[in-house]
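Visitor: Attaching a single structure in C-alpha cells format; questions to follow.
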Amino acid sequence: MDFVGSNLACVRGNLEIFSGLSFSLELGEVLMLTGSNGSGKTSLLRLMAGLSRPTKGVILWQGRSISADPEEHFGQMTYVGHSDALKPYLTAFENLALWTAIRKPACTKDQLVKALDTFGLKSVMGKPAGYLSAGQRRRAALARLVSVDATLWLLDEPTIGLDDHACSYLFDAIHNHRKKGGMTVIATNVALPLRETQTLDLGAYISGITQ
Amino acid sequence: MDFVGSNLACVRGNLEIFSGLSFSLELGEVLMLTGSNGSGKTSLLRLMAGLSRPTKGVILWQGRSISADPEEHFGQMTYVGHSDALKPYLTAFENLALWTAIRKPACTKDQLVKALDTFGLKSVMGKPAGYLSAGQRRRAALARLVSVDATLWLLDEPTIGLDDHACSYLFDAIHNHRKKGGMTVIATNVALPLRETQTLDLGAYISGITQ
Amino acid sequence: MFHFLANPVRFKRAADLVIPWAQWLCGITLLIGFYFALYLSPPDYQQGETVRIMYIHVPCAWMALFLYFSMASLSAIGLIWHHPLAHLSAQAAAPIGACFTILCLATGSLWGKPMWGTWWVWDARLTSVLVLLLLYLGVIVLFKAFDDPTRGEKSAAILAIFGVINLPIIKFSVDWWNTLHQPASVIKVGGPAIHSSMMTPLFLVAAGFTLFSVCMIVLRIRALLIARQIRSLLIQNPNLN
Amino acid sequence: MTVFIVALRREIKIIVRQAGDASLVIMFFVVISVLFPLGIGSKIDLLAQVAPTVIWVAALLSVLLSLEHMFSRDFEDGSLEQLALSPQPLIVVVLAKLASHWLTSGLPLMVTAPVIAILYNLPNASLQVLILSMALGTPALSLIGGLGAALTLGTRRGGLLLSFLVLPFVLPVLIFGSAASNAAINGLSAETPLLLLGAILAVTIAIVPVITTAAIRQALD
Amino acid sequence: MTVFIVALRREIKIIVRQAGDASLVIMFFVVISVLFPLGIGSKIDLLAQVAPTVIWVAALLSVLLSLEHMFSRDFEDGSLEQLALSPQPLIVVVLAKLASHWLTSGLPLMVTAPVIAILYNLPNASLQVLILSMALGTPALSLIGGLGAALTLGTRRGGLLLSFLVLPFVLPVLIFGSAASNAAINGLSAETPLLLLGAILAVTIAIVPVITTAAIRQALD
Ligand code: HEM
Ligand SMILES: Nc1ncnc2c1ncn2[C@@H]1O[C@H](COP(=O)(O)OP(=O)(O)OP(=O)(O)O)[C@@H](O)[C@H]1O
Ligand SMILES: Nc1ncnc2c1ncn2[C@@H]1O[C@H](COP(=O)(O)OP(=O)(O)OP(=O)(O)O)[C@@H](O)[C@H]1O
Ligand SMILES: [Mg+2]
Ligand SMILES: [Mg+2]
C-alpha cells in the first residue's frame, strides 16, 4: 500500500463534492478516475497532489500523511493539470528547461531534447510556446513526465487535444513508467486503451450536501 | 455549393502552414477536419470564421466572398473555439444571455434555459462559470449553438473535456442541425461517431515553406 | 523596387554596393563641416566659443525631427501598401532618431548651463523634445513587446503615425508660447536670418548627419533581415542553438 | 442604436460584477491625492499652488490604471473573438466599451474631484471650472487610453507599457486641464484652456474609435 | 542557496524575455516625473520644493504598476501551481521572485532618480541622500507590494485593486523617503528618516516573505 487515501471528503465553495472516498495504489499500478463532468475528478487529483487538503480523511504516501512533509511528496511526484503551464514567449525547450531546473538541476540538454522527442516535438522545440498549436502545447506539458524521474504521475485529462500519435507516445510512456514500478493516476472522460488498470468512478461518491 | 473555399493558403509568422487547400460544403453536410497536431485545423477554422484572412485563395458563402460583407457572414455562423469565452464571475446563464443579447436581442429566458438544458446544465446554470468544472464550462460554451439559429457551425475540438453524456447531447444537436439544413465544420483529433460526413485531412496540404 | 529589395540576399547585395560610397561621402562632409564649424566660423560676440555647440545641437535637432517624420511616413506606407520593407525601415530608423534626440537634449542642456544658468527648464520647446524622445522609445518598446514581429510592426506603426502631432508642436512651440529657447532663424517663413559664415557649417554638418543616418539605417535593415533569417533557421533546426 | 445600448449594458454588467470598478477608481484617486500632502508636509500655501496639478495627475493615473483590462480580459478568455464575430459592426461594441469605461472612471472622478479640491483649500469659485475641465478632459483620456489598450493587446506587459505609451498623448489634457484650474484660482478667464480641451475631445471622438477598431481586428488575426 | 539562484535566474529570464521590464519601469518613472512640471508650469522654485515628493511618488507608482504580474501571470497559466509543487520550499521561490522584482524595478529606479533630480534642479549635495533613501526604500516597496500581489491573486481586478491595497502600507516609505531628501536640500541631517527607512526594511524582510508564501498557498487551494 504505497499511496492510499481513506474516507476522503472534499468541499468546494459551500458544496461537498464527494465524501467517503477511498483509494489505494501500489507500485506499478494505474488508477483511472472516471465520472461525469463535475463529479470531482480534478478536485480529487488536486487533493492527491497536495495542492488542497481534504476536509475529511487522510492521504498517505508510504504510510505517512502527505501533509506531514509536503516537499518530500512533491519530490516524488509529477502533476500535469488542465493548464499547460507554458510561458508563451519562451520556446518549448526553454519552458521544459526552466521547469526541470528547480526539480533536478543536473538535467542535461540532451535529456531535455530526448524528453521532447519522446512526444514528437523535436522539430518545433525552438518555437515560442505561444506559436504552438493546442496539441503541441499539451505535448510540451506532458514531456515533463519523462524529463525527471518521479514515482507518482498525476495526470488530469492528459489526452485532451492530442492526436493519435501523441496518444500512443503517452501510453508508451505510461507503460514504461509502470514497468519501472511507477504509479499513475489519470482523470479522464474518455476510455483509454490501457490494460490492467484500476478504475474509480467518482459518480459513486457524489455527496452534494451544501454546508 | 453553399460554402466553398478554393486554393487556400495560410501563413502564420513566417511559416506557410498549408496551401492549395479547397473544400466545399452543402446544406446539411458535415465536414470533419483531421490531421496531426499542428497541421493547421484551428488555423483553417479561423479562416472560415473570417477571423483571419487567407494569404491565397477565397472563401465563398453562397457565391460571395466572406470578406465582402463580413457582418452578414457572422450573422449566419456560430463559432466555438478552443477557449470557452466565459466570464468566471458571471453565471453560466448570464454568460449565455450576454452572448445572445448581441446576436438575437429577442431571445427569451426560456429559450436560454432550454439551450442550457440541452447540454445538461440546468442544475448548475446559477453557478459562476469560474466554479464550474472544465467539462461543464465546455458545455456552457456549446450551449451557444442551440440558443440562436445559425446555418453554419464551426467547432474547434468540441468534445474536449466532455463526458459521454455531453458528447451524445452534442451529437444529437448536430444531427438536428443537419436535418434543418445546417452545415457543420468540426476540427477534431479524435474519431467522432457521426455518419455520412466529409473528411478533410489537413496532413495532405502541409506546405512548410518559410518566407 | 521595394518588393525587389525585400529579399534579404538582394538587399544585402544592394547595401554592399551603396554603403561604402555613402560612408566615404558622410565622412568627408562631416570633416569639412566640423572644420568650418570649429575653426573657420567666428566666435559669437556675446557667447564666445560656446556658440560652437550650435553646430552639433541644431543639426541634431533637425535630424531628430526629420527622422521621426520619415519613420512615421514609412509606417504609413507599410500599413497602407503592405510593403515588406517599409515597416522594417521604420524600425531601423527609430533608434537612430532616438539617439539624435538624446544628443539634441544633451547638447541643449550643455549649452543651457552657460546661457541660461541651468541645465533644464520646463518650457514648451524642451518638454516637447523630451516627449519626442518618449515617443521614439514607445515605438521601439511596443515593437519589441510582441512575440510575433508582424503584430508588433503594425501596432508600432499606428503609434508612430499618431505621434506626428508632436512635430508641429516642437517646431512652433517657440512661437506659440514664450520660452527661453530662441525662435527659428534658419528654417522659417521669409528665408534664413543668419550670417552665411554660420549657415555653411550648419548645413554641412546637417548633410553629414543625414548621410550618416542613411548608412546606419541601411546597415540596420540588413541586420534586421539577417536576424529574421536566423530566427526562422533556429525555429526549424533548434539544434543549431 | 439599440445594439449600442445592449452592448453598453453588457460592458457595464461585466464591470460591475467584477466587483465595483467605479468605487475602486475613486478610492485610488483619493489615495493618490493624499500622497502629496503627506510628502510635502503641511505647507498649506505650497499645497494650494500645486493642487490642480496634483488632482489632474491623480485623475490621469486612475484612468490609466483602469484601462488595462478594457480589452485584455476579453482577449484572453476568447470573448473578444466572439464579439468580433457578432453580426453588428465591431465599432459599436468598441464605442460601448469606451463609453462604459468613461461612465465607470471619468464620470465618478468628475464627481469626486471637487471634494478633493476642497480638501486642498481651493477657492469655491474654481470648482466649477475644475468640473467642467474634467467633463471635457476625462472622455478624451478614455478614448486615447482605449487606443493604447487595443495597440498593446497580446503583449502581456500590462499596465506599465500601456501607461507609458499613452502618457505622452494625454499630456495636453493634463496641461490644459491644470491651466484652466490655475487660471480660475488666480481669478483669470479659463476660456482658452477649456476651448482647447473641447477641441482635443472633438478630434479624438472623431478619429480614435475607428483606429481602435482596426487595431482590435488585427490583434485577433 | 543554489536553489535560490536557480529560481532567481528563472525569474529574471522570464522578465527579460517578456521584453525588457527594467527599461519600461525607468521610462514610466521618467514620464510620471514629467507630468508635474507640465502641470505646474515653469515656476522653478515651486518645483524644487515639491521635487523629492514627486520623485518618490513617481517611484512608488512605477513599482506598484510593475507589481501586478509578479504572481498573476504564473497563477493564470498554471506555472505557480507547478512552482508550489516543487520539492524546494516555496519560500525560496517567493524570495527569488521578490529579489528579481527589485533587481528589475527598484534598482534601475535608484539609478535613474538622480537624473530626474537634476532636471528638477535639486542641489548636488542632496543626490547622495536621495540614492541612499531609494536603496533602503525600494526593497521595502517590492516586499510589501509582493504581499499585495499575492493577496489579490485571482481577483482579476488587476493593478487598481492591488495599488489601492498596497498604498496605505507604503506611505511610511514615502514619508520618510521624501523627508530625507527634504532635509538634505535644506542642509539638515537626514539621519533620522534614513534610520527609520532602514528599520522598515528590516521589519519587512523579516516577516513579509513568510506571509506572502502562505497567501500563495491558499490562493492555489
Ligand atoms: C535641452 C535643451 C534644448 C532643446 C531640447 C533644444 C531643442 C531644439 C530644437 C528641437 C531645435 C530645432 C528647431 C527647428 O528646427 O525649428 C533647436 C534649434 C536651436 N536651438 Fe535649441 N534646444 C535646447 C537648448 C538650447 C540652448 C541652451 C540654446 C542656446 C541658447 C539653443 C539654441 C538653439 C538655436 C540657435 C537653434 C536654431 C534655431 C533656428 O535657427 O532655427 N538651444 N533647439
Ligand atoms: N507565429 C507563428 N510562427 C510560426 N509558426 C506558427 C505560428 N503560429 C502558429 N504556428 C504553427 O502553425 C501550425 C498550425 O497550428 P494550428 O493551431 O492551426 O494546428 P491544429 O491543427 O489546430 O493543431 P492541434 O491539433 O494541436 O490543435 C502549428 O504547427 C504551429 O506551430
Ligand atoms: N467554489 C465552488 N462552489 C461551488 N461549487 C464548486 C466550486 N468549485 C467547484 N465546484 C463544483 O465542484 C465540482 C467538481 O469539479 P471538478 O473540476 O473536480 O470536476 P471534474 O470531475 O474534474 O469534471 P470535468 O470532467 O468536467 O473536468 C463541479 O461540479 C463544480 O461545479
Ligand atoms: Mg476536470
Ligand atoms: Mg487546434
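A note on labels: chains of the C-alpha cells are A, B, ... as shown, every chain counts residues from 1, and ligands are counted from 1 in their shown order.
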9 Å from ligand 2 is the threshold here; counting only C-alpha atoms and all ligand atoms, which polymer residues fall inside it? Answer as a ChimeraX atom specification.

Guide: /A:124,127-139,161-163 /B:11-18,33-46,82,156-157,187-189,202-203,210 /C:147-150,232,235

Visitor: Output the selection as a compact mmCIF listing (two decimals), in the first residue's frame - C-alpha atoms for each residue.

Guide:
# COMPACT_ATOMS: atom_id res chain seq x y z
CA VAL A 124 9.16 22.54 -33.08
CA LYS A 127 9.34 27.72 -31.41
CA PRO A 128 7.93 30.01 -28.76
CA ALA A 129 5.21 28.10 -26.95
CA GLY A 130 2.71 30.80 -27.90
CA TYR A 131 3.07 29.79 -31.55
CA LEU A 132 2.39 26.13 -30.94
CA SER A 133 -0.94 24.52 -31.66
CA ALA A 134 -3.09 23.35 -28.77
CA GLY A 135 -1.96 19.76 -29.16
CA GLN A 136 1.68 20.70 -29.42
CA ARG A 137 1.40 22.68 -26.19
CA ARG A 138 -0.18 19.71 -24.47
CA ARG A 139 2.67 17.54 -25.69
CA GLY A 161 -6.01 17.86 -27.76
CA LEU A 162 -3.62 15.06 -28.59
CA ASP A 163 -3.73 13.29 -31.94
CA VAL B 11 0.71 31.84 -43.26
CA ARG B 12 1.44 32.19 -39.54
CA GLY B 13 4.52 34.06 -38.52
CA ASN B 14 6.79 33.43 -41.47
CA LEU B 15 5.71 29.84 -41.99
CA GLU B 16 3.21 28.75 -44.62
CA ILE B 17 1.16 26.12 -42.83
CA PHE B 18 -0.86 24.80 -45.73
CA LEU B 33 -11.07 18.50 -40.33
CA THR B 34 -8.48 15.97 -39.29
CA GLY B 35 -4.70 15.85 -39.29
CA SER B 36 -1.99 15.58 -36.73
CA ASN B 37 -1.22 18.20 -34.08
CA GLY B 38 -0.04 21.41 -35.66
CA SER B 39 -1.31 20.56 -39.12
CA GLY B 40 -3.48 23.68 -39.24
CA LYS B 41 -7.02 22.67 -38.30
CA THR B 42 -7.53 25.59 -35.98
CA SER B 43 -5.96 27.96 -38.48
CA LEU B 44 -8.32 26.80 -41.22
CA LEU B 45 -11.33 27.12 -38.97
CA ARG B 46 -10.35 30.71 -38.19
CA HIS B 82 -10.63 26.43 -28.16
CA ASP B 156 -12.89 23.53 -32.76
CA GLU B 157 -12.43 20.24 -30.90
CA ALA B 187 -11.89 20.23 -36.28
CA THR B 188 -11.07 17.16 -34.27
CA ASN B 189 -8.25 14.90 -33.19
CA LEU B 202 -5.00 18.67 -43.39
CA GLY B 203 -1.96 16.44 -43.42
CA THR B 210 9.36 29.59 -44.76
CA ASP C 147 6.10 37.68 -29.60
CA ASP C 148 5.07 37.96 -33.22
CA PRO C 149 7.03 40.64 -35.10
CA THR C 150 4.27 41.15 -37.67
CA SER C 232 13.47 31.14 -38.61
CA ILE C 235 13.00 27.62 -35.19

Visitor: Determine which residues of chain B receive a DSSP assignment of strand (DSSP E or B), computed from the backbone, and state them as a tab-separated table (two decimals) with N, CA, C and O atoms, in the first residue's frame.

Guide:
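Final output, saved to states-v8.tsv:
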chain	number	residue	atom	x	y	z
B	3	PHE	N	-20.93	26.73	-49.26
B	3	PHE	CA	-19.80	27.25	-48.51
B	3	PHE	C	-18.57	26.61	-49.13
B	3	PHE	O	-18.35	25.41	-49.02
B	4	VAL	N	-17.80	27.42	-49.82
B	4	VAL	CA	-16.74	26.89	-50.67
B	4	VAL	C	-15.45	27.65	-50.40
B	4	VAL	O	-15.46	28.88	-50.29
B	5	GLY	N	-14.37	26.93	-50.28
B	5	GLY	CA	-13.07	27.58	-50.23
B	5	GLY	C	-12.22	26.99	-51.34
B	5	GLY	O	-12.26	25.78	-51.55
B	6	SER	N	-11.50	27.84	-52.05
B	6	SER	CA	-10.70	27.23	-53.11
B	6	SER	C	-9.27	27.73	-53.08
B	6	SER	O	-9.02	28.92	-52.96
B	7	ASN	N	-8.40	26.75	-53.14
B	7	ASN	CA	-6.98	27.01	-53.27
B	7	ASN	C	-6.42	27.89	-52.14
B	7	ASN	O	-5.67	28.83	-52.38
B	8	LEU	N	-6.81	27.58	-50.92
B	8	LEU	CA	-6.45	28.43	-49.79
B	8	LEU	C	-5.03	28.18	-49.33
B	8	LEU	O	-4.55	27.05	-49.35
B	9	ALA	N	-4.38	29.24	-48.91
B	9	ALA	CA	-3.09	29.11	-48.25
B	9	ALA	C	-3.12	29.96	-46.99
B	9	ALA	O	-3.81	30.97	-46.93
B	10	CYS	N	-2.37	29.53	-45.98
B	10	CYS	CA	-2.39	30.23	-44.70
B	10	CYS	C	-0.98	30.37	-44.17
B	10	CYS	O	-0.23	29.40	-44.14
B	11	VAL	N	-0.62	31.58	-43.80
B	11	VAL	CA	0.71	31.84	-43.26
B	11	VAL	C	0.57	32.30	-41.81
B	11	VAL	O	-0.26	33.15	-41.50
B	12	ARG	N	1.37	31.70	-40.94
B	12	ARG	CA	1.44	32.19	-39.54
B	12	ARG	C	2.90	32.49	-39.24
B	12	ARG	O	3.75	31.65	-39.47
B	15	LEU	N	5.81	31.22	-41.54
B	15	LEU	CA	5.71	29.84	-41.99
B	15	LEU	C	4.38	29.63	-42.72
B	15	LEU	O	3.32	29.99	-42.19
B	16	GLU	N	4.45	29.11	-43.94
B	16	GLU	CA	3.21	28.75	-44.62
B	16	GLU	C	2.77	27.41	-44.09
B	16	GLU	O	3.49	26.42	-44.20
B	17	ILE	N	1.57	27.36	-43.48
B	17	ILE	CA	1.16	26.12	-42.83
B	17	ILE	C	0.57	25.15	-43.83
B	17	ILE	O	0.88	23.98	-43.85
B	18	PHE	N	-0.35	25.66	-44.66
B	18	PHE	CA	-0.86	24.80	-45.73
B	18	PHE	C	-1.09	25.66	-46.96
B	18	PHE	O	-1.16	26.89	-46.89
B	19	SER	N	-1.22	24.98	-48.10
B	19	SER	CA	-1.51	25.72	-49.32
B	19	SER	C	-2.25	24.80	-50.28
B	19	SER	O	-2.23	23.58	-50.13
B	20	GLY	N	-2.92	25.40	-51.24
B	20	GLY	CA	-3.64	24.62	-52.24
B	20	GLY	C	-4.80	23.84	-51.68
B	20	GLY	O	-5.23	22.83	-52.25
B	21	LEU	N	-5.37	24.31	-50.59
B	21	LEU	CA	-6.44	23.56	-49.94
B	21	LEU	C	-7.81	24.05	-50.43
B	21	LEU	O	-8.04	25.25	-50.53
B	22	SER	N	-8.69	23.13	-50.75
B	22	SER	CA	-10.04	23.51	-51.17
B	22	SER	C	-11.06	22.67	-50.41
B	22	SER	O	-10.77	21.55	-50.02
B	23	PHE	N	-12.22	23.25	-50.21
B	23	PHE	CA	-13.31	22.46	-49.62
B	23	PHE	C	-14.62	22.99	-50.17
B	23	PHE	O	-14.68	24.11	-50.70
B	24	SER	N	-15.65	22.18	-50.10
B	24	SER	CA	-16.97	22.70	-50.44
B	24	SER	C	-18.02	21.94	-49.66
B	24	SER	O	-17.90	20.74	-49.43
B	25	LEU	N	-18.99	22.68	-49.23
B	25	LEU	CA	-19.94	22.15	-48.26
B	25	LEU	C	-21.33	22.57	-48.69
B	25	LEU	O	-21.55	23.72	-49.05
B	30	VAL	N	-21.75	17.73	-43.10
B	30	VAL	CA	-20.79	17.88	-42.00
B	30	VAL	C	-19.39	17.65	-42.56
B	30	VAL	O	-19.17	16.67	-43.27
B	31	LEU	N	-18.49	18.58	-42.25
B	31	LEU	CA	-17.11	18.43	-42.71
B	31	LEU	C	-16.21	18.25	-41.50
B	31	LEU	O	-16.23	19.07	-40.58
B	32	MET	N	-15.45	17.17	-41.49
B	32	MET	CA	-14.52	16.94	-40.38
B	32	MET	C	-13.12	17.33	-40.83
B	32	MET	O	-12.65	16.84	-41.86
B	33	LEU	N	-12.46	18.17	-40.04
B	33	LEU	CA	-11.07	18.50	-40.33
B	33	LEU	C	-10.19	17.61	-39.46
B	33	LEU	O	-10.30	17.66	-38.23
B	34	THR	N	-9.37	16.82	-40.08
B	34	THR	CA	-8.48	15.97	-39.29
B	34	THR	C	-7.03	16.27	-39.69
B	34	THR	O	-6.78	17.05	-40.60
B	56	LYS	N	-3.67	33.24	-49.76
B	56	LYS	CA	-4.08	32.98	-51.15
B	56	LYS	C	-5.46	32.36	-51.12
B	56	LYS	O	-5.87	31.77	-50.14
B	57	GLY	N	-6.17	32.49	-52.24
B	57	GLY	CA	-7.47	31.83	-52.35
B	57	GLY	C	-8.61	32.64	-51.77
B	57	GLY	O	-8.39	33.69	-51.15
B	58	VAL	N	-9.84	32.17	-52.00
B	58	VAL	CA	-11.01	32.86	-51.47
B	58	VAL	C	-11.93	31.86	-50.81
B	58	VAL	O	-11.93	30.67	-51.12
B	59	ILE	N	-12.74	32.40	-49.89
B	59	ILE	CA	-13.79	31.59	-49.27
B	59	ILE	C	-15.11	32.24	-49.65
B	59	ILE	O	-15.30	33.44	-49.46
B	60	LEU	N	-16.01	31.43	-50.21
B	60	LEU	CA	-17.27	31.98	-50.69
B	60	LEU	C	-18.43	31.43	-49.86
B	60	LEU	O	-18.47	30.24	-49.53
B	61	TRP	N	-19.34	32.32	-49.56
B	61	TRP	CA	-20.57	31.92	-48.88
B	61	TRP	C	-21.70	32.26	-49.83
B	61	TRP	O	-21.91	33.42	-50.16
B	64	ARG	N	-20.63	34.50	-52.64
B	64	ARG	CA	-19.97	35.78	-52.38
B	64	ARG	C	-18.82	35.60	-51.40
B	64	ARG	O	-18.93	34.82	-50.45
B	65	SER	N	-17.76	36.35	-51.61
B	65	SER	CA	-16.62	36.23	-50.73
B	65	SER	C	-17.01	36.66	-49.32
B	65	SER	O	-17.71	37.67	-49.13
B	77	MET	N	-23.46	32.45	-38.70
B	77	MET	CA	-22.48	31.48	-38.24
B	77	MET	C	-22.33	31.51	-36.72
B	77	MET	O	-22.48	32.56	-36.10
B	78	THR	N	-22.08	30.36	-36.14
B	78	THR	CA	-21.69	30.31	-34.73
B	78	THR	C	-20.35	29.59	-34.64
B	78	THR	O	-20.19	28.50	-35.21
B	79	TYR	N	-19.40	30.23	-33.95
B	79	TYR	CA	-18.06	29.68	-33.85
B	79	TYR	C	-17.79	29.35	-32.40
B	79	TYR	O	-17.96	30.20	-31.53
B	80	VAL	N	-17.40	28.13	-32.13
B	80	VAL	CA	-16.98	27.77	-30.77
B	80	VAL	C	-15.53	27.32	-30.84
B	80	VAL	O	-15.22	26.27	-31.39
B	91	THR	N	-22.71	33.89	-13.99
B	91	THR	CA	-23.20	32.51	-14.00
B	91	THR	C	-23.26	32.01	-15.43
B	91	THR	O	-23.19	32.77	-16.40
B	128	PRO	N	-21.46	30.58	-10.77
B	128	PRO	CA	-20.48	31.36	-11.54
B	128	PRO	C	-19.64	30.42	-12.40
B	128	PRO	O	-19.26	29.34	-11.94
B	152	LEU	N	-24.34	27.96	-40.22
B	152	LEU	CA	-23.01	27.34	-40.23
B	152	LEU	C	-22.46	27.24	-38.82
B	152	LEU	O	-22.37	28.23	-38.11
B	153	TRP	N	-22.10	26.03	-38.41
B	153	TRP	CA	-21.45	25.85	-37.11
B	153	TRP	C	-19.98	25.54	-37.34
B	153	TRP	O	-19.67	24.60	-38.09
B	154	LEU	N	-19.13	26.28	-36.68
B	154	LEU	CA	-17.70	26.00	-36.76
B	154	LEU	C	-17.22	25.58	-35.38
B	154	LEU	O	-17.25	26.38	-34.44
B	155	LEU	N	-16.79	24.34	-35.24
B	155	LEU	CA	-16.47	23.82	-33.92
B	155	LEU	C	-15.01	23.36	-33.86
B	155	LEU	O	-14.59	22.53	-34.66
B	156	ASP	N	-14.28	23.92	-32.91
B	156	ASP	CA	-12.89	23.53	-32.76
B	156	ASP	C	-12.76	22.55	-31.60
B	156	ASP	O	-12.88	22.94	-30.44
B	183	MET	N	-25.11	23.51	-41.78
B	183	MET	CA	-23.80	22.95	-42.11
B	183	MET	C	-22.93	22.98	-40.86
B	183	MET	O	-23.06	23.88	-40.04
B	184	THR	N	-22.03	22.02	-40.78
B	184	THR	CA	-21.16	21.94	-39.61
B	184	THR	C	-19.73	21.65	-40.05
B	184	THR	O	-19.53	20.78	-40.90
B	185	VAL	N	-18.79	22.38	-39.50
B	185	VAL	CA	-17.39	22.04	-39.71
B	185	VAL	C	-16.79	21.74	-38.34
B	185	VAL	O	-16.95	22.54	-37.42
B	186	ILE	N	-16.16	20.59	-38.21
B	186	ILE	CA	-15.61	20.19	-36.91
B	186	ILE	C	-14.13	19.87	-37.07
B	186	ILE	O	-13.76	19.00	-37.86
B	187	ALA	N	-13.31	20.60	-36.34
B	187	ALA	CA	-11.89	20.23	-36.28
B	187	ALA	C	-11.74	19.27	-35.12
B	187	ALA	O	-12.18	19.57	-34.01
B	198	GLN	N	-18.14	14.36	-44.63
B	198	GLN	CA	-16.94	14.54	-45.44
B	198	GLN	C	-15.75	14.64	-44.50
B	198	GLN	O	-15.88	15.13	-43.39
B	199	THR	N	-14.60	14.26	-44.97
B	199	THR	CA	-13.40	14.44	-44.16
B	199	THR	C	-12.33	15.16	-44.97
B	199	THR	O	-12.15	14.86	-46.16
B	200	LEU	N	-11.69	16.12	-44.33
B	200	LEU	CA	-10.61	16.83	-45.00
B	200	LEU	C	-9.37	16.61	-44.14
B	200	LEU	O	-9.33	17.07	-43.00
B	201	ASP	N	-8.40	15.90	-44.69
B	201	ASP	CA	-7.19	15.63	-43.91
B	201	ASP	C	-6.16	16.72	-44.19
B	201	ASP	O	-5.59	16.79	-45.27
B	206	ILE	N	0.07	20.13	-46.06
B	206	ILE	CA	1.14	20.82	-45.32
B	206	ILE	C	2.16	21.38	-46.30
B	206	ILE	O	2.59	20.71	-47.23
B	210	THR	N	9.12	28.37	-45.53
B	210	THR	CA	9.36	29.59	-44.76
B	210	THR	C	9.54	30.74	-45.74
B	210	THR	O	10.12	30.57	-46.81

Visitor: Do me a favour and pick out the residues of chain A within 7 Å of chain E, using only C-alpha atoms, as a list of chain:residue names.

Guide: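 Per the criterion, chain A yields A:Leu51, A:Ser52, A:Glu71, A:Glu72, A:Phe74, A:Gly75, A:Ser83, A:Asp84, A:Ala85, A:Leu86, A:Tyr89, A:Leu98, A:Ala101, A:Ile102, A:Arg103.
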
Visitor: Report as a ChimeraX atom specification the set of chain C residues whose atoms approach chain E to within 12 Å, with distances computed over only C-alpha atoms.

Guide: /C:105-106,109,113,117-128,130-138,140-147,152,177-180

Visitor: Could you jot down the CA of Pro105 in chain A to CA of Cys167 in chain A separation for me, Å, one decimal place?

Guide: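 Between CA of Pro105 in chain A and CA of Cys167 in chain A the gap works out to 28.8 Å.
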
Visitor: Find the residues near ligand 1. Use a cut-off of 7 Å, count only C-alpha atoms and all ligand atoms, and write them as a PyMOL selection string.

Guide: chain C and resi 54+57-58+61-62+104-109+111-112+115-116+120+125-126+129-130+170-171+181-187

Visitor: Closest to chain A among B:Arg144, B:Gly81, B:Ala106, B:Ala115, using only C-alpha atoms?

Guide: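 Ranked by minimum distance to chain A, first place goes to B:Gly81.
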
Visitor: What residues in range 125-183 of chain B get the DSSP label helix (DSSP H, G or I)? Please answer as a PyMOL selection string.

Guide: chain B and resi 129-131+134-147+164-179

Visitor: Show me a table, sorted first by chain and then by increasing residue number, of the residues of chain D having an atom at most 8 Å from chain E, each with its shortest atom pair and the distance in Å to one decimal, counting only C-alpha atoms and written as CSV.

Guide:
residue,atom,partner,partner_atom,distance
D:Gln18,CA,E:Arg157,CA,7.0
D:Ala19,CA,E:Arg157,CA,7.9
D:Leu24,CA,E:Leu161,CA,6.7
D:Val25,CA,E:Leu160,CA,7.2
D:Met27,CA,E:Phe164,CA,7.1
D:Phe28,CA,E:Phe164,CA,5.4
D:Val31,CA,E:Phe164,CA,7.3
D:Leu35,CA,E:Val57,CA,7.3
D:Phe36,CA,E:Thr53,CA,6.7
D:Leu38,CA,E:Ile175,CA,6.3
D:Gly39,CA,E:Thr53,CA,5.1
D:Ile40,CA,E:Thr53,CA,6.2
D:Leu46,CA,E:Leu46,CA,7.5
D:Val50,CA,E:Ile40,CA,6.4
D:Pro52,CA,E:Gly39,CA,7.9
D:Thr53,CA,E:Gly39,CA,5.0
D:Val54,CA,E:Phe36,CA,7.6
D:Val57,CA,E:Leu35,CA,7.0
D:Ser62,CA,E:Leu160,CA,7.7
D:Leu65,CA,E:Leu160,CA,5.8
D:Ser66,CA,E:Leu160,CA,6.3
D:His69,CA,E:Gly158,CA,7.7
D:Arg156,CA,E:Gln18,CA,7.6
D:Arg157,CA,E:Gln18,CA,7.1
D:Gly158,CA,E:His69,CA,7.8
D:Gly159,CA,E:Leu65,CA,6.4
D:Leu160,CA,E:Leu65,CA,5.8
D:Leu161,CA,E:Leu24,CA,6.7
D:Ser163,CA,E:Phe28,CA,7.4
D:Phe164,CA,E:Phe28,CA,5.3
D:Leu167,CA,E:Val31,CA,7.1
D:Pro168,CA,E:Val31,CA,7.6
D:Leu171,CA,E:Leu35,CA,7.3
D:Leu174,CA,E:Gly39,CA,6.4
D:Ile175,CA,E:Gly39,CA,5.2
D:Ser178,CA,E:Gly39,CA,5.7
D:Ala179,CA,E:Gly39,CA,7.1

Visitor: Please identify all polymer residues within 8 Å of Phe69 in chain C, counting only C-alpha atoms, omitting same-chain residues fewer than 4 positions from it, and present them as a list in words.

Guide: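 So, after excluding close chain neighbours, the residues are Leu65, Ser73, Val164 and Leu167 of chain C.
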
Visitor: Rank A:Arg178, A:His165, A:Lys109, A:Lys114 by their smallest atom-to-atom distance to chain B, using only C-alpha atoms, and report the top residue only.

Guide: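 That would be A:His165, the residue with the smallest distance to chain B.
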